[in-house]
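J.: This structure is in structure tokens; I'll ask about it shortly.
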Amino acid sequence: MVCSALRRVIHVHICLARKASHARRGYQHQARDSRPAASVLPAQVAPGSVVELLGKSYPQDDHTNLTQKVLSKVGRNLHNQQHHPLWLIKERVKEHFYRQYVGRSGTPLFSVYDHLSPVVTTWQNFDSLLIPADHPSRKKGDNYYLNQTHMLRAHTSAHQWDLLHAGLNAFLVVGDVYRRDQIDSQHYPVFHQLEGVRLFSKHELFAGIQDGESLQLFEQSSRSGHKQETHTMEATKLMEFDLKQTLTRLVTHLFGDGLEIRWVDCYFPFTHPSFEMEINFHGEWLEVLGCGVMEQQLVNSAGAQDQIGWAFGLGLERLAMILYDIPDIRLFWSEDERFLKQFCVSDINQKVKFQPLSRYPALINDISFWLPSENYAENDFYDLVRTIGGDLVEKVDLIDKFEHPNSFKGWNQTTDRSLINPF
């Protein structure tokens with residue numbers, strides 16, 4: 001659903017031609033917009049250059065691809081800003097877990113970590129989660145790297161191994177995550193995730209099960225679509241049941257009773273079997289989270305060899321947009337009191353429906369310019385658009401590609417369409 005305030009559209013046609021005579025005109029046509037580009041596109045790093053972030057210095061190298069736009073978001077921590085819609089979602093999830101899951105001493109079973117630094121090592125973000133070295137999710141075109149060994153986390157799962165290694169067996173992690181992505185009302189290079197992990201011992205998992213003392217967590221068998229090679233079928237099915245029951249209770253707490261839910265099989269490198277939860281909201285099926293039984297290799301490497309675990313991850317923006325009827329992800333970064341005051345409620349469970357802010361008419365522009373066909377990724381352009389256009393740009397679509405047979409080597413022509421929506 002898109003409110004009237006969010007319907008302003010600018011069509012930006014980006015023509016990337018090869019022909020030399022056309023190139024001269026093309027650069028002149030976009031000269032005003034091209035001059036700042038050199039400062040935001042990846043460039044050769046000067047020797048000794050460093051990135052200063054959160055009180056630490058990181059040497060730059062050929063992996064460094066941060067933009068000032070993204071760096072300006074580090075430390076904002078919208079999920080910890082009281083009465084922000086993302087804070088409301090986080091607090092509602094915390095409240096649910098604190099009330100539903102209590103330890104023997106009467107204290108909450110799940111601990112919460114929402115101040116962990118977004119700067120992680122590539123080992124934490126990928127290797128600790130068993131993501132192969134050649135996996136496409138590691139690409140520079142999809143991530144923000146400080147250098148070859150450090151990056152802005154692409155998911156809160158980057159902290160799983162460290163917390164397990166510290167001896168924790170039930171925790172929630174909340175934080176900002178960073179991914180280079182397309183431009184539209186549903187995507188932003190910075191968003192917020194909430195991660196949940198729980199481990200079970202043999203006694204904990206089989207407690208209350210008839211003849212449970214004879215059941216085992218582990219075996220040596222073959223991997224199938226339903227279980228890992230080291231897990232018994234009994235343990236896998238109980239873990240799957242507990243995980244789905246836990247998450248069904250959570251979304252029922254958030255959305256109310258009578259919610260229609262379905263589970264879809266999927267793939268994640270660090271869980272198996274893996275699932276996505278979809279809910280039927282106002283007649284439309286929406287994916288709200290991913291989850292699964294944790295890969296035992298990951299659990300073992302963190303020092304919990306005698307336990308089995310599940311994990312889930314959800315996007316706070318995704319839930320807030322559905323629950324509060326917020327039509328555009330850029331609004332979460334607004335400092336306009338007209339937006340923020342709508343969520344200043346005395347009860348975090350109070351129903352809120354977002355009211356649109358602006359009534360400006362649509363604005364339509366066309367822009368054309370040239371780009372080389374090599375050493376270029378679409379996300380390079382998206383970062384450039386966000387750096388120059390800020391949060392006014394709602395959407396960019398590639399609508400055409402063309403290569404002239406007599407054009408100079410190294411240049412392609414494509415046409416993109418940008419939808420720019422000033423709030």
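Residue numbering restarts at 1 in every chain; chains get A, B, ... in the order shown in the structure tokens, and ligands count up from 1 in that same order.
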Please identify all polymer residues within 8 Å of Gln124 (chain A), counting only C-alpha atoms, omitting same-chain residues fewer than 6 positions from it, and present them as a ChimeraX atom specification.
T.: /A:158-159,161
J.: List every residue of region 281-316 of chain A that has an atom at most 12 Å from any atom of region 209-227 of chain A, and for each one report the closest atom pair and its distance in Å to one decimal, counting only C-alpha atoms, with rows sorted by chain and then by increasing residue number, as a tab-separated table.
T.:
```
residue	atom	partner	partner_atom	distance
A:Gly292	CA	A:Lys227	CA	10.7
A:Val293	CA	A:Lys227	CA	8.7
A:Met294	CA	A:Lys227	CA	10.7
A:Glu295	CA	A:Lys227	CA	10.0
A:Gln296	CA	A:Phe218	CA	9.7
A:Gln305	CA	A:Phe218	CA	10.1
A:Asp306	CA	A:Leu217	CA	8.4
A:Gln307	CA	A:Leu217	CA	7.9
A:Ile308	CA	A:Leu217	CA	7.4
A:Gly309	CA	A:Leu217	CA	10.7
```
J.: Which residues are near Glu91 (chain A)? Cut-off 12 Å, only C-alpha atoms, ignore same chain within fewer than 2 positions. Put them as a CSV table (one decimal) with N, CA and C atoms, in the first residue's frame.
T.:
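Result file follows (part.csv):
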```csv
chain,number,residue,atom,x,y,z
A,79,HIS,N,17.2,0.8,16.4
A,79,HIS,CA,16.5,-0.2,17.2
A,79,HIS,C,16.6,0.1,18.7
A,80,ASN,N,17.5,1.0,19.1
A,80,ASN,CA,17.6,1.4,20.5
A,80,ASN,C,17.1,2.8,20.8
A,81,GLN,N,16.5,3.4,19.8
A,81,GLN,CA,16.0,4.8,19.9
A,81,GLN,C,14.5,4.7,20.4
A,82,GLN,N,14.3,5.1,21.7
A,82,GLN,CA,13.0,4.9,22.3
A,82,GLN,C,11.9,5.5,21.5
A,83,HIS,N,10.8,4.7,21.4
A,83,HIS,CA,9.6,5.0,20.7
A,83,HIS,C,9.8,5.1,19.2
A,84,HIS,N,10.9,4.7,18.7
A,84,HIS,CA,11.1,4.5,17.2
A,84,HIS,C,10.3,3.2,16.9
A,85,PRO,N,9.7,3.1,15.7
A,85,PRO,CA,8.9,1.9,15.4
A,85,PRO,C,9.7,0.7,15.4
A,86,LEU,N,11.0,0.7,15.1
A,86,LEU,CA,11.9,-0.5,15.1
A,86,LEU,C,12.1,-0.8,16.6
A,87,TRP,N,12.3,0.2,17.5
A,87,TRP,CA,12.4,-0.1,18.9
A,87,TRP,C,11.2,-0.8,19.4
A,88,LEU,N,10.0,-0.3,19.0
A,88,LEU,CA,8.8,-0.9,19.5
A,88,LEU,C,8.7,-2.4,19.1
A,89,ILE,N,9.1,-2.7,17.9
A,89,ILE,CA,9.0,-4.1,17.5
A,89,ILE,C,10.0,-4.9,18.3
A,93,VAL,N,9.1,-8.1,20.9
A,93,VAL,CA,9.7,-9.4,20.8
A,93,VAL,C,10.4,-9.8,22.1
A,94,LYS,N,11.1,-8.9,22.7
A,94,LYS,CA,11.8,-9.1,24.0
A,94,LYS,C,10.8,-9.4,25.1
A,95,GLU,N,9.7,-8.7,25.2
A,95,GLU,CA,8.7,-8.9,26.2
A,95,GLU,C,8.1,-10.3,26.0
A,96,HIS,N,7.9,-10.7,24.8
A,96,HIS,CA,7.3,-12.0,24.6
A,96,HIS,C,8.2,-13.1,25.1
A,97,PHE,N,9.5,-13.0,24.7
A,97,PHE,CA,10.5,-14.1,25.1
A,97,PHE,C,10.7,-14.1,26.6
A,98,TYR,N,10.7,-12.9,27.2
A,98,TYR,CA,10.9,-12.8,28.6
A,98,TYR,C,9.8,-13.5,29.4
A,112,VAL,N,19.6,-10.9,25.9
A,112,VAL,CA,19.5,-10.0,24.7
A,112,VAL,C,20.7,-9.2,24.5
A,114,ASP,N,21.9,-6.1,22.1
A,114,ASP,CA,21.5,-5.1,21.1
A,114,ASP,C,22.5,-4.0,20.9
A,172,LEU,N,19.0,-13.6,22.0
A,172,LEU,CA,18.6,-12.8,20.9
A,172,LEU,C,19.6,-11.8,20.6
A,174,VAL,N,20.1,-8.3,18.3
A,174,VAL,CA,19.4,-7.2,17.5
A,174,VAL,C,20.5,-6.2,17.0
A,194,LEU,N,16.7,-9.2,13.8
A,194,LEU,CA,16.7,-9.8,15.2
A,194,LEU,C,16.9,-11.3,15.0
A,254,LEU,N,2.5,-10.9,18.0
A,254,LEU,CA,2.6,-9.6,17.2
A,254,LEU,C,1.4,-9.2,16.4
A,316,LEU,N,13.4,-6.3,11.2
A,316,LEU,CA,12.5,-5.5,12.0
A,316,LEU,C,11.7,-4.5,11.0
A,347,ASP,N,1.9,2.2,25.7
A,347,ASP,CA,1.9,0.8,25.7
A,347,ASP,C,2.5,0.3,24.4
A,348,ILE,N,3.6,-0.5,24.5
A,348,ILE,CA,4.3,-0.9,23.3
A,348,ILE,C,3.5,-1.8,22.4
A,349,ASN,N,2.4,-2.4,23.0
A,349,ASN,CA,1.5,-3.3,22.2
A,349,ASN,C,0.3,-2.5,21.6
```
J.: Select from region 152-204 of chain A everything DSSP, run on the backbone, classes as strand (DSSP E or B), then give the selection as a list in words.
T.: Leu152, Ala170, Phe171, Leu172, Val173, Val174, Gly175, Asp176, Val177, Tyr178, Asp184, His187, Val190, Phe191, His192, Gln193, Leu194, Glu195, Gly196, Val197, Arg198, Leu199 and Phe200 of chain A
J.: Any chance you could export the current selection's C-alpha atoms as a PDB file, in the first residue's frame?
T.:
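Below is the file that was written, part.pdb:
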```pdb
ATOM      1  CA  LEU A 152      30.052  -4.124   8.142  1.00  0.00           C
ATOM      2  CA  ALA A 170      19.633 -19.120  24.462  1.00  0.00           C
ATOM      3  CA  PHE A 171      19.946 -15.556  23.184  1.00  0.00           C
ATOM      4  CA  LEU A 172      18.552 -12.829  20.939  1.00  0.00           C
ATOM      5  CA  VAL A 173      20.794 -10.508  18.920  1.00  0.00           C
ATOM      6  CA  VAL A 174      19.434  -7.236  17.499  1.00  0.00           C
ATOM      7  CA  GLY A 175      21.364  -4.840  15.300  1.00  0.00           C
ATOM      8  CA  ASP A 176      21.851  -2.876  12.107  1.00  0.00           C
ATOM      9  CA  VAL A 177      23.082  -4.831   9.084  1.00  0.00           C
ATOM     10  CA  TYR A 178      24.518  -3.611   5.794  1.00  0.00           C
ATOM     11  CA  ASP A 184      13.028   0.630  -4.171  1.00  0.00           C
ATOM     12  CA  HIS A 187      15.158  -2.079   0.158  1.00  0.00           C
ATOM     13  CA  VAL A 190      21.086  -0.452   6.071  1.00  0.00           C
ATOM     14  CA  PHE A 191      18.348  -2.356   7.843  1.00  0.00           C
ATOM     15  CA  HIS A 192      17.843  -4.138  11.162  1.00  0.00           C
ATOM     16  CA  GLN A 193      17.633  -7.800  12.087  1.00  0.00           C
ATOM     17  CA  LEU A 194      16.680  -9.780  15.163  1.00  0.00           C
ATOM     18  CA  GLU A 195      18.332 -13.175  15.565  1.00  0.00           C
ATOM     19  CA  GLY A 196      17.315 -15.956  17.951  1.00  0.00           C
ATOM     20  CA  VAL A 197      19.279 -19.066  18.955  1.00  0.00           C
ATOM     21  CA  ARG A 198      18.510 -21.867  21.394  1.00  0.00           C
ATOM     22  CA  LEU A 199      20.480 -25.024  22.222  1.00  0.00           C
ATOM     23  CA  PHE A 200      19.116 -28.194  23.826  1.00  0.00           C
TER      24      PHE A 200
END
```
J.: Please provide as an MDAnalysis selection string all residues within 9 Å of Leu53 (chain A), with the sequence filter that same-chain residues fewer than 4 positions apart are discarded (counting only C-alpha atoms).
T.: chainID A and resid 57:58 71 74 119
J.: Just the residues within 12 Å of Asp162 (chain A), please, counting only C-alpha atoms, with nothing from its chain fewer than 2 positions along; format it as a list of chain:residue names.
T.: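 Once the adjacent positions are removed, what remains is A:Leu116, A:Val120, A:Thr121, A:Trp123, A:Gln124, A:Asn125, A:Ser128, A:Leu129, A:Thr156, A:Ser157, A:Ala158, A:His159, A:Gln160, A:Leu164, A:His165, A:Ala166, A:Gly167, A:Leu168, A:Asn169, A:Phe171, A:Val173, A:Leu298, A:Val299, A:Ser301, A:Ala302, A:Gly303, A:Ala304.
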J.: Got a sec: who's within 7 Å of Glu276 (chain A), counting only C-alpha atoms, leaving out chain neighbours fewer than 6 positions off, as a list in words?
T.: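 Using only C-alpha atoms, the neighbours found are Trp263, Val264, Asp265, Cys266, Glu287, Leu289, Gly290 and Cys291 of chain A.
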J.: Return the single residue from A:Leu243, A:Ala377, A:Ile329, A:Leu238 that is closest to Ile183 (chain A), with distances computed using only C-alpha atoms.
T.: A:Ile329
J.: Do you have the CA of Thr67 (chain A)-CA of Trp333 (chain A) distance handy?
T.: 17.0 Å
J.: Can you list every residue in region 211-408 of chain A that DSSP puts in alpha helix (DSSP H), as JSON, numbers by chain?
T.: {"A": [233, 234, 235, 236, 237, 238, 239, 240, 241, 242, 243, 244, 245, 246, 247, 248, 249, 250, 251, 252, 253, 254, 255, 296, 297, 298, 299, 300, 301, 316, 317, 318, 319, 320, 321, 322, 323, 324, 337, 338, 339, 340, 378, 379, 380, 381, 382, 383, 384, 385, 386, 387, 388, 389]}
J.: Could you please take those selected residues and save N, CA and C atoms as a short mmCIF file (atom, residue, chain, number, x, y, z; two decimals), in the first residue's frame?
T.:
```cif
data_model
loop_
_atom_site.label_atom_id
_atom_site.label_comp_id
_atom_site.auth_asym_id
_atom_site.auth_seq_id
_atom_site.Cartn_x
_atom_site.Cartn_y
_atom_site.Cartn_z
N MET A 233 16.59 -38.80 13.54
CA MET A 233 15.34 -38.29 13.03
C MET A 233 14.45 -37.79 14.17
N GLU A 234 14.50 -38.50 15.32
CA GLU A 234 13.70 -38.09 16.47
C GLU A 234 14.11 -36.71 16.96
N ALA A 235 15.42 -36.49 17.05
CA ALA A 235 15.91 -35.18 17.52
C ALA A 235 15.55 -34.09 16.53
N THR A 236 15.70 -34.36 15.25
CA THR A 236 15.40 -33.36 14.22
C THR A 236 13.93 -32.97 14.24
N LYS A 237 13.06 -33.95 14.35
CA LYS A 237 11.62 -33.65 14.32
C LYS A 237 11.20 -32.88 15.57
N LEU A 238 11.77 -33.21 16.74
CA LEU A 238 11.45 -32.46 17.94
C LEU A 238 11.97 -31.04 17.87
N MET A 239 13.16 -30.86 17.30
CA MET A 239 13.71 -29.51 17.13
C MET A 239 12.85 -28.70 16.18
N GLU A 240 12.45 -29.31 15.09
CA GLU A 240 11.60 -28.62 14.11
C GLU A 240 10.27 -28.22 14.74
N PHE A 241 9.69 -29.13 15.54
CA PHE A 241 8.42 -28.84 16.19
C PHE A 241 8.57 -27.68 17.18
N ASP A 242 9.61 -27.72 18.01
CA ASP A 242 9.81 -26.66 19.00
C ASP A 242 10.07 -25.33 18.34
N LEU A 243 10.88 -25.32 17.27
CA LEU A 243 11.19 -24.08 16.55
C LEU A 243 9.92 -23.47 15.96
N LYS A 244 9.14 -24.26 15.26
CA LYS A 244 7.94 -23.74 14.61
C LYS A 244 6.90 -23.30 15.65
N GLN A 245 6.80 -24.04 16.74
CA GLN A 245 5.87 -23.65 17.79
C GLN A 245 6.30 -22.33 18.43
N THR A 246 7.61 -22.16 18.66
CA THR A 246 8.13 -20.92 19.23
C THR A 246 7.82 -19.72 18.34
N LEU A 247 8.03 -19.87 17.04
CA LEU A 247 7.83 -18.76 16.12
C LEU A 247 6.35 -18.50 15.85
N THR A 248 5.55 -19.54 15.89
CA THR A 248 4.10 -19.35 15.74
C THR A 248 3.57 -18.52 16.91
N ARG A 249 4.04 -18.83 18.11
CA ARG A 249 3.64 -18.05 19.28
C ARG A 249 4.08 -16.59 19.14
N LEU A 250 5.28 -16.39 18.61
CA LEU A 250 5.81 -15.03 18.48
C LEU A 250 4.95 -14.20 17.52
N VAL A 251 4.69 -14.71 16.32
CA VAL A 251 3.93 -13.91 15.35
C VAL A 251 2.47 -13.76 15.79
N THR A 252 1.95 -14.73 16.53
CA THR A 252 0.60 -14.58 17.07
C THR A 252 0.57 -13.45 18.10
N HIS A 253 1.63 -13.36 18.90
CA HIS A 253 1.75 -12.25 19.85
C HIS A 253 1.80 -10.91 19.12
N LEU A 254 2.49 -10.86 17.98
CA LEU A 254 2.65 -9.60 17.24
C LEU A 254 1.40 -9.24 16.43
N PHE A 255 0.80 -10.22 15.78
CA PHE A 255 -0.28 -9.94 14.83
C PHE A 255 -1.68 -10.27 15.36
N GLN A 296 25.31 -28.85 12.74
CA GLN A 296 26.03 -29.35 13.92
C GLN A 296 27.51 -29.01 13.85
N GLN A 297 28.06 -28.91 12.65
CA GLN A 297 29.47 -28.53 12.50
C GLN A 297 29.73 -27.16 13.11
N LEU A 298 28.79 -26.23 12.94
CA LEU A 298 28.92 -24.90 13.53
C LEU A 298 28.84 -24.99 15.05
N VAL A 299 27.87 -25.74 15.56
CA VAL A 299 27.69 -25.89 17.01
C VAL A 299 28.92 -26.55 17.63
N ASN A 300 29.42 -27.59 16.98
CA ASN A 300 30.60 -28.28 17.50
C ASN A 300 31.82 -27.38 17.55
N SER A 301 32.02 -26.60 16.50
CA SER A 301 33.21 -25.75 16.44
C SER A 301 33.20 -24.67 17.52
N LEU A 316 13.36 -6.35 11.19
CA LEU A 316 12.50 -5.46 11.96
C LEU A 316 11.71 -4.52 11.04
N GLU A 317 12.35 -4.00 10.00
CA GLU A 317 11.64 -3.12 9.07
C GLU A 317 10.47 -3.84 8.41
N ARG A 318 10.70 -5.08 8.03
CA ARG A 318 9.65 -5.86 7.37
C ARG A 318 8.42 -5.97 8.26
N LEU A 319 8.65 -6.31 9.54
CA LEU A 319 7.52 -6.45 10.45
C LEU A 319 6.86 -5.10 10.72
N ALA A 320 7.68 -4.05 10.90
CA ALA A 320 7.12 -2.73 11.20
C ALA A 320 6.30 -2.19 10.03
N MET A 321 6.76 -2.42 8.80
CA MET A 321 6.02 -1.96 7.63
C MET A 321 4.65 -2.64 7.55
N ILE A 322 4.60 -3.92 7.93
CA ILE A 322 3.34 -4.64 7.89
C ILE A 322 2.43 -4.21 9.04
N LEU A 323 2.99 -4.19 10.25
CA LEU A 323 2.18 -3.92 11.44
C LEU A 323 1.68 -2.49 11.51
N TYR A 324 2.53 -1.53 11.09
CA TYR A 324 2.17 -0.12 11.24
C TYR A 324 1.77 0.53 9.93
N GLU A 337 9.55 15.06 13.25
CA GLU A 337 8.73 14.80 14.43
C GLU A 337 7.33 14.32 14.05
N ARG A 338 6.86 14.72 12.85
CA ARG A 338 5.54 14.27 12.42
C ARG A 338 5.50 12.75 12.24
N PHE A 339 6.65 12.17 11.90
CA PHE A 339 6.75 10.72 11.79
C PHE A 339 6.97 10.09 13.17
N LEU A 340 7.96 10.57 13.89
CA LEU A 340 8.35 9.93 15.14
C LEU A 340 7.28 9.99 16.21
N GLU A 378 26.00 -3.17 -10.82
CA GLU A 378 24.81 -2.33 -10.63
C GLU A 378 24.80 -1.67 -9.26
N ASN A 379 25.29 -2.39 -8.25
CA ASN A 379 25.28 -1.81 -6.91
C ASN A 379 26.24 -0.62 -6.79
N ASP A 380 27.26 -0.53 -7.67
CA ASP A 380 28.10 0.67 -7.71
C ASP A 380 27.25 1.88 -8.05
N PHE A 381 26.37 1.70 -9.03
CA PHE A 381 25.50 2.81 -9.43
C PHE A 381 24.49 3.15 -8.35
N TYR A 382 23.93 2.12 -7.70
CA TYR A 382 22.96 2.38 -6.63
C TYR A 382 23.59 3.19 -5.50
N ASP A 383 24.83 2.85 -5.14
CA ASP A 383 25.52 3.63 -4.11
C ASP A 383 25.73 5.07 -4.56
N LEU A 384 26.06 5.25 -5.84
CA LEU A 384 26.25 6.60 -6.38
C LEU A 384 24.94 7.39 -6.31
N VAL A 385 23.85 6.75 -6.68
CA VAL A 385 22.54 7.42 -6.64
C VAL A 385 22.21 7.83 -5.21
N ARG A 386 22.43 6.91 -4.26
CA ARG A 386 22.10 7.22 -2.87
C ARG A 386 23.00 8.31 -2.31
N THR A 387 24.26 8.35 -2.74
CA THR A 387 25.18 9.37 -2.24
C THR A 387 24.78 10.75 -2.74
N ILE A 388 24.39 10.85 -4.00
CA ILE A 388 24.05 12.14 -4.59
C ILE A 388 22.58 12.50 -4.31
N GLY A 389 21.68 11.55 -4.49
CA GLY A 389 20.26 11.85 -4.35
C GLY A 389 19.72 11.67 -2.95
#
```
J.: Using only C-alpha atoms for the distances, tell me which of A:Leu259, A:Phe332, A:Leu314, A:Leu54 is nearest to Trp285 (chain A).
T.: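 Of A:Leu259, A:Phe332, A:Leu314, A:Leu54, the one nearest Trp285 (chain A), counting only C-alpha atoms, is A:Leu259.
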J.: Could you jot down the CA of Pro59 (chain A) to CA of Asn147 (chain A) separation for me, Å, one decimal place?
T.: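 Taking CA of Pro59 (chain A) and CA of Asn147 (chain A), their separation equals 6.7 Å.
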